[in-house]
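Everything on this sheet refers to the single structure shown next.
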Amino acid sequence: MFLLGHLGIGLGLAWLLSWKSLARIDYRLVLLGAILPDLIDKPLAYVTGLDSRLWAHTFLFLFAILALSFVPALRGFRLVGFGVATHLLLDMIWNQPAIVLYPYYGWTFPAAPFNVDRWYDTLLHDPYVQFGEIVGSLYLIAFAWAHGIRSWRALRNFIAHGTLPLIGPARLQKD
Ligand SMILES: [Zn+2]
């Protein structure tokens, strides 16, 4: 799964789960979490020569984020954690138990040559990835439309402040 699939489907799931709730969640944190494992691991893979799924694709990483969310000032981390959980789900990470259950199977990760061509190849030929990118894009558009993000200005406001024109600025849920 690539960028739009992760962003869109992660956001879509958060949207679905918060549909009935009146609390305003900061969807930017979900979006951040939805791509965080790749934001961390892909550059690390480039630097270390290891596979592109590393520490940030482990339950250890997810649980660390969720544990931090118990600190009152870091409550937003649970939204990041939710995003990370959707990322692991869409990566079908259970197919790589040695990574997701790290360090249960050992402290090292498999080495793999950093290969951007392989990503293009996947994008062009893997129906799962293509389907994910399309569905993700549709969710992003539907979300933006439903929340009144219909101009570049509105998009900039959302990115800078989490503002949803039809709902208002993002606020941390107090419960
Ligand atoms: Zn990933």
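By order in the structure tokens, chains are A, B, ...; within a chain, residues start at 1; ligands start at 1, following the order shown.
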Do you know which residues are within 6 Å of ligand 1 using only C-alpha atoms and all ligand atoms? Can you write them as a compact mmCIF listing (two decimals) with C-alpha atoms, in the first residue's frame?
```
# COMPACT_ATOMS: atom_id res chain seq x y z
CA PRO A 37 5.67 3.92 9.71
CA ASP A 38 6.79 4.61 6.14
CA ASP A 91 0.39 -3.46 4.95
```
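Those residues that approach Gln96 (chain A) to within 12 Å, counting only C-alpha atoms, are Asp51, Arg53, Leu54, His57, Thr58, Phe59, Leu88, Leu89, Asp91, Met92, Ile93, Ile99, Val100, Leu101, Tyr102, Tyr105, Phe109 and Pro110 of chain A; same-chain residues fewer than 3 positions away are not listed.
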Would you mind exporting N, CA and C atoms of the selected residues as a JSON list (two decimals), in the first residue's frame?
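Printed below is out_15.json as written:
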```json
[["chain", "number", "residue", "atom", "x", "y", "z"],
["A", 51, "ASP", "N", 15.55, -3.88, 4.93],
["A", 51, "ASP", "CA", 14.25, -3.90, 4.27],
["A", 51, "ASP", "C", 13.46, -2.63, 4.62],
["A", 53, "ARG", "N", 10.54, -2.23, 5.83],
["A", 53, "ARG", "CA", 9.67, -2.31, 7.01],
["A", 53, "ARG", "C", 10.53, -2.67, 8.21],
["A", 54, "LEU", "N", 10.67, -1.70, 9.12],
["A", 54, "LEU", "CA", 11.58, -1.86, 10.25],
["A", 54, "LEU", "C", 10.86, -1.56, 11.55],
["A", 57, "HIS", "N", 7.26, -0.49, 11.92],
["A", 57, "HIS", "CA", 6.21, -1.42, 11.47],
["A", 57, "HIS", "C", 6.01, -2.53, 12.50],
["A", 58, "THR", "N", 6.36, -2.28, 13.75],
["A", 58, "THR", "CA", 6.25, -3.31, 14.78],
["A", 58, "THR", "C", 5.14, -2.95, 15.79],
["A", 59, "PHE", "N", 4.62, -3.98, 16.45],
["A", 59, "PHE", "CA", 3.67, -3.74, 17.55],
["A", 59, "PHE", "C", 4.34, -2.95, 18.67],
["A", 88, "LEU", "N", -0.52, -0.65, 9.64],
["A", 88, "LEU", "CA", -0.07, -2.04, 9.77],
["A", 88, "LEU", "C", -1.09, -2.99, 9.16],
["A", 89, "LEU", "N", -2.36, -2.66, 9.36],
["A", 89, "LEU", "CA", -3.45, -3.46, 8.79],
["A", 89, "LEU", "C", -3.35, -3.49, 7.25],
["A", 91, "ASP", "N", -0.84, -2.81, 5.40],
["A", 91, "ASP", "CA", 0.39, -3.46, 4.95],
["A", 91, "ASP", "C", 0.30, -4.97, 5.10],
["A", 92, "MET", "N", -0.82, -5.47, 5.62],
["A", 92, "MET", "CA", -1.01, -6.90, 5.90],
["A", 92, "MET", "C", 0.22, -7.44, 6.63],
["A", 93, "ILE", "N", 0.54, -6.73, 7.71],
["A", 93, "ILE", "CA", 1.82, -6.96, 8.37],
["A", 93, "ILE", "C", 1.89, -8.35, 9.02],
["A", 99, "ILE", "N", 8.79, -9.20, 11.63],
["A", 99, "ILE", "CA", 8.86, -7.74, 11.76],
["A", 99, "ILE", "C", 7.85, -7.24, 12.78],
["A", 100, "VAL", "N", 6.59, -7.65, 12.62],
["A", 100, "VAL", "CA", 5.56, -7.07, 13.49],
["A", 100, "VAL", "C", 5.75, -7.49, 14.94],
["A", 101, "LEU", "N", 6.27, -8.70, 15.17],
["A", 101, "LEU", "CA", 6.46, -9.17, 16.55],
["A", 101, "LEU", "C", 7.88, -8.89, 17.06],
["A", 102, "TYR", "N", 8.63, -8.09, 16.33],
["A", 102, "TYR", "CA", 9.98, -7.73, 16.74],
["A", 102, "TYR", "C", 10.00, -7.33, 18.21],
["A", 105, "TYR", "N", 11.52, -12.67, 17.27],
["A", 105, "TYR", "CA", 12.29, -13.60, 16.42],
["A", 105, "TYR", "C", 13.75, -13.20, 16.27],
["A", 109, "PHE", "N", 16.93, -7.18, 11.37],
["A", 109, "PHE", "CA", 15.96, -7.15, 10.27],
["A", 109, "PHE", "C", 16.65, -7.66, 9.00],
["A", 110, "PRO", "N", 15.86, -8.22, 8.08],
["A", 110, "PRO", "CA", 16.50, -8.69, 6.84],
["A", 110, "PRO", "C", 17.06, -7.51, 6.04]]
```
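Nearest residue to Ser18 (chain A) among A:Pro165, A:Val30, A:Pro103, A:Thr108 is A:Val30, counting only C-alpha atoms.
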message = Given only C-alpha atoms as the basis, pick out the residue of A:Phe114, A:Tyr128, A:Tyr139, A:Phe158 nearest to Gly10 (chain A).
response = A:Tyr139
